[in-house]
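What follows is a single structure, written as structure tokens, with notes after it.
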Amino acid sequence: MKRITVINGPNLNLLGTREPDKYGAETLGSINARVAAEASRLGVECEFFQSNSEGELVDAIQGARESDGIILNAGAYTHYSIAIRDAIAAIAPPVAEVHISNVHAREDFRRVSVIAPVCRGVIAGFGADGYILALYALSGATPGH
Ligand code: DQA
């Protein structure tokens with residue numbers, strides 16, 4: 001059975017009440033439950049982790065190095081954390097970078113991702129469904145295949 005780790009970074013614990021115009025009204029708990037339900041349909045085992053701390057995210061990425069893939073929304077760290085980039089580069093499993101909002105349609109600083117070059121791919125702008133799309137991509141279950 002494939003094992004996928006879903007890691008969310010800073011302020012994503014506030015989903016549901018945080019800037020709903022940009023991030024929607026769904027809580028992280030509800031998003032994780034949707035991912036878990038889809039994962040069980042696909043026969044994929046999922047683990048979930050969230051932290052506001054850069055070092056804890058680095059630890060979580062390292063801790064997932066034996067898994068088959070990581071779905072990562074690094075939040076604002078996406079735009080400047082070399083430590084998170086290096087953690088991704090240091091491990092073998094593919095990482096799907098996810099953003100709920102379309103970071104390219106927002107402030108200039110959000111257009112820069114220091115982690116994208118070491119990720120397998122990037123999904124941005126499809127709301128919380130981006131996590132499900134990433135699950136499909138990493139588990140090789142994309143419809144049409
Ligand atoms: C985000 C986009 C980031 O720029 C922002 O700092 C976040 C959320 C997204 O999911 O759209 O915290 O990663």
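In the structure tokens, each chain is lettered A, B, ... as it comes, each chain's residues begin at 1, and ligands are numbered from 1 in order of appearance.
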**Asked** Can you list, as a PyMOL selection string, every protein, DNA or RNA residue that comes within 12 Å of Gly55 in chain A when you count only C-alpha atoms, leaving out same-chain residues fewer than 2 positions away?
**Response** chain A and resi 9-10+50-53+57-62+74+77+81-84+86-87
Hey, can you spit out that residue selection with N, CA, C and O atoms as a PDB file, in the first residue's frame?
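Below is the file that was written, out-v6.pdb:
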```
ATOM      1  N   GLY A   9       1.856  24.020   6.354  1.00  0.00           N
ATOM      2  CA  GLY A   9       2.694  24.963   7.080  1.00  0.00           C
ATOM      3  C   GLY A   9       1.913  26.054   7.791  1.00  0.00           C
ATOM      4  O   GLY A   9       0.734  25.879   8.127  1.00  0.00           O
ATOM      5  N   PRO A  10       2.568  27.187   8.000  1.00  0.00           N
ATOM      6  CA  PRO A  10       2.053  28.220   8.896  1.00  0.00           C
ATOM      7  C   PRO A  10       0.719  28.821   8.462  1.00  0.00           C
ATOM      8  O   PRO A  10       0.477  29.053   7.275  1.00  0.00           O
ATOM      9  N   GLN A  50       0.607  19.326  10.593  1.00  0.00           N
ATOM     10  CA  GLN A  50       0.608  20.791  10.391  1.00  0.00           C
ATOM     11  C   GLN A  50       1.472  21.423  11.458  1.00  0.00           C
ATOM     12  O   GLN A  50       1.463  21.026  12.625  1.00  0.00           O
ATOM     13  N   SER A  51       2.249  22.430  11.057  1.00  0.00           N
ATOM     14  CA  SER A  51       3.001  23.207  12.037  1.00  0.00           C
ATOM     15  C   SER A  51       3.185  24.623  11.523  1.00  0.00           C
ATOM     16  O   SER A  51       3.246  24.856  10.311  1.00  0.00           O
ATOM     17  N   ASN A  52       3.305  25.531  12.475  1.00  0.00           N
ATOM     18  CA  ASN A  52       3.618  26.917  12.131  1.00  0.00           C
ATOM     19  C   ASN A  52       5.122  27.158  12.144  1.00  0.00           C
ATOM     20  O   ASN A  52       5.569  28.255  11.803  1.00  0.00           O
ATOM     21  N   SER A  53       5.892  26.141  12.549  1.00  0.00           N
ATOM     22  CA  SER A  53       7.335  26.320  12.762  1.00  0.00           C
ATOM     23  C   SER A  53       8.155  25.705  11.635  1.00  0.00           C
ATOM     24  O   SER A  53       7.944  24.544  11.257  1.00  0.00           O
ATOM     25  N   LEU A  57       8.594  21.671  10.364  1.00  0.00           N
ATOM     26  CA  LEU A  57       8.270  21.256   8.987  1.00  0.00           C
ATOM     27  C   LEU A  57       9.453  20.511   8.370  1.00  0.00           C
ATOM     28  O   LEU A  57       9.272  19.501   7.684  1.00  0.00           O
ATOM     29  N   VAL A  58      10.667  20.998   8.631  1.00  0.00           N
ATOM     30  CA  VAL A  58      11.870  20.292   8.167  1.00  0.00           C
ATOM     31  C   VAL A  58      11.887  18.884   8.765  1.00  0.00           C
ATOM     32  O   VAL A  58      12.124  17.889   8.060  1.00  0.00           O
ATOM     33  N   ASP A  59      11.614  18.779  10.085  1.00  0.00           N
ATOM     34  CA  ASP A  59      11.586  17.460  10.738  1.00  0.00           C
ATOM     35  C   ASP A  59      10.525  16.561  10.103  1.00  0.00           C
ATOM     36  O   ASP A  59      10.756  15.364   9.905  1.00  0.00           O
ATOM     37  N   ALA A  60       9.358  17.132   9.801  1.00  0.00           N
ATOM     38  CA  ALA A  60       8.274  16.325   9.221  1.00  0.00           C
ATOM     39  C   ALA A  60       8.647  15.832   7.824  1.00  0.00           C
ATOM     40  O   ALA A  60       8.349  14.687   7.458  1.00  0.00           O
ATOM     41  N   ILE A  61       9.310  16.680   7.048  1.00  0.00           N
ATOM     42  CA  ILE A  61       9.739  16.268   5.695  1.00  0.00           C
ATOM     43  C   ILE A  61      10.773  15.149   5.806  1.00  0.00           C
ATOM     44  O   ILE A  61      10.682  14.119   5.133  1.00  0.00           O
ATOM     45  N   GLN A  62      11.738  15.338   6.706  1.00  0.00           N
ATOM     46  CA  GLN A  62      12.731  14.273   6.922  1.00  0.00           C
ATOM     47  C   GLN A  62      12.054  12.982   7.392  1.00  0.00           C
ATOM     48  O   GLN A  62      12.403  11.885   6.957  1.00  0.00           O
ATOM     49  N   ALA A  74       3.522  24.642   2.032  1.00  0.00           N
ATOM     50  CA  ALA A  74       4.465  25.240   2.981  1.00  0.00           C
ATOM     51  C   ALA A  74       4.062  26.663   3.359  1.00  0.00           C
ATOM     52  O   ALA A  74       4.813  27.343   4.077  1.00  0.00           O
ATOM     53  N   TYR A  77       6.380  29.996   3.921  1.00  0.00           N
ATOM     54  CA  TYR A  77       7.765  29.490   3.832  1.00  0.00           C
ATOM     55  C   TYR A  77       8.136  29.133   2.394  1.00  0.00           C
ATOM     56  O   TYR A  77       9.317  29.107   2.037  1.00  0.00           O
ATOM     57  N   SER A  81      12.009  29.829   2.332  1.00  0.00           N
ATOM     58  CA  SER A  81      12.716  28.898   3.240  1.00  0.00           C
ATOM     59  C   SER A  81      13.674  27.974   2.494  1.00  0.00           C
ATOM     60  O   SER A  81      13.275  26.972   1.889  1.00  0.00           O
ATOM     61  N   ILE A  82      14.955  28.318   2.577  1.00  0.00           N
ATOM     62  CA  ILE A  82      15.981  27.445   1.981  1.00  0.00           C
ATOM     63  C   ILE A  82      16.093  26.154   2.783  1.00  0.00           C
ATOM     64  O   ILE A  82      16.430  25.094   2.241  1.00  0.00           O
ATOM     65  N   ALA A  83      15.791  26.225   4.098  1.00  0.00           N
ATOM     66  CA  ALA A  83      15.853  25.013   4.936  1.00  0.00           C
ATOM     67  C   ALA A  83      14.826  23.987   4.464  1.00  0.00           C
ATOM     68  O   ALA A  83      15.118  22.777   4.397  1.00  0.00           O
ATOM     69  N   ILE A  84      13.627  24.441   4.122  1.00  0.00           N
ATOM     70  CA  ILE A  84      12.601  23.508   3.624  1.00  0.00           C
ATOM     71  C   ILE A  84      12.978  23.007   2.230  1.00  0.00           C
ATOM     72  O   ILE A  84      12.859  21.822   1.922  1.00  0.00           O
ATOM     73  N   ASP A  86      16.006  22.589   1.121  1.00  0.00           N
ATOM     74  CA  ASP A  86      17.089  21.623   1.289  1.00  0.00           C
ATOM     75  C   ASP A  86      16.566  20.289   1.828  1.00  0.00           C
ATOM     76  O   ASP A  86      17.073  19.221   1.453  1.00  0.00           O
ATOM     77  N   ALA A  87      15.555  20.348   2.708  1.00  0.00           N
ATOM     78  CA  ALA A  87      14.971  19.107   3.243  1.00  0.00           C
ATOM     79  C   ALA A  87      14.328  18.307   2.112  1.00  0.00           C
ATOM     80  O   ALA A  87      14.478  17.076   2.039  1.00  0.00           O
TER      81      ALA A  87
END
```
**Request:** Collect all residues with atoms no farther than 6 Å from ligand 1, counting only C-alpha atoms and all ligand atoms, and output them as a PyMOL selection string.
**Result:** chain A and resi 11+73-76+99-101+103+110
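Across the structure, CA of Gly140 in chain A and CA of Glu38 in chain A are spaced 13.2 Å apart.
The two atoms in question, CA of Arg85 in chain A and CA of Ile7 in chain A, are spaced 13.9 Å apart.
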**Prompt:** So how far away is CA of Phe48 in chain A from CA of Tyr23 in chain A, in Å?
**Reply:** 19.0 Å
